[in-house]
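Step one of this worksheet: look at the structure below.
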Amino acid sequence: MTLNMEMLASYDQSVEFFKDFHGLGEASTTMGPNAVSGYFASAFSLPFDYVKTQIQKMQPDASGKYLYTNFWIMP
């Protein structure tokens, strides 16, 4: 969800920026916003992906309890 939201928001803003402020051609207004939105989408989704991976790799300790109890409480 975060990846899609950030990709759409940053793409729209970067298309406007490239067209309005730089006055570049069609190829530049296609490739530039794609690169910008890809960068921001990966940067914003990385923390969520890290937490998801930690929860998926979690093993119970010696007493049988899991280290992480939910998504919000991480050590």
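So you can find residues: chains in the structure tokens are A, B, ... in the order shown, residues in each start at 1, and ligands are numbered from 1 in order.
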Quiz item: Do you know which residues are at most 7 Å from stretch 32-44 of chain A counting only C-alpha atoms, after dropping those on the same chain fewer than 5 positions away, and could you put them as JSON, numbers by chain?
Solution: {"A": [3, 6, 7, 10, 11, 14, 15]}
Exercise. Write out as a PyMOL selection string all residues of chain A that backbone DSSP assigns to helix (DSSP H, G or I).
Key: chain A and resi 2-22+26-56
Quiz item: In Å to one decimal, how far is atom CA of A:Asn70 from atom CA of A:Gln56?
Solution: 11.7 Å
Practice problem: Enter the distance from atom CA of A:His22 to atom CA of A:Met5, in Å, rounded to one decimal. | Solution: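 Between atom CA of A:His22 and atom CA of A:Met5 the gap works out to 25.2 Å.
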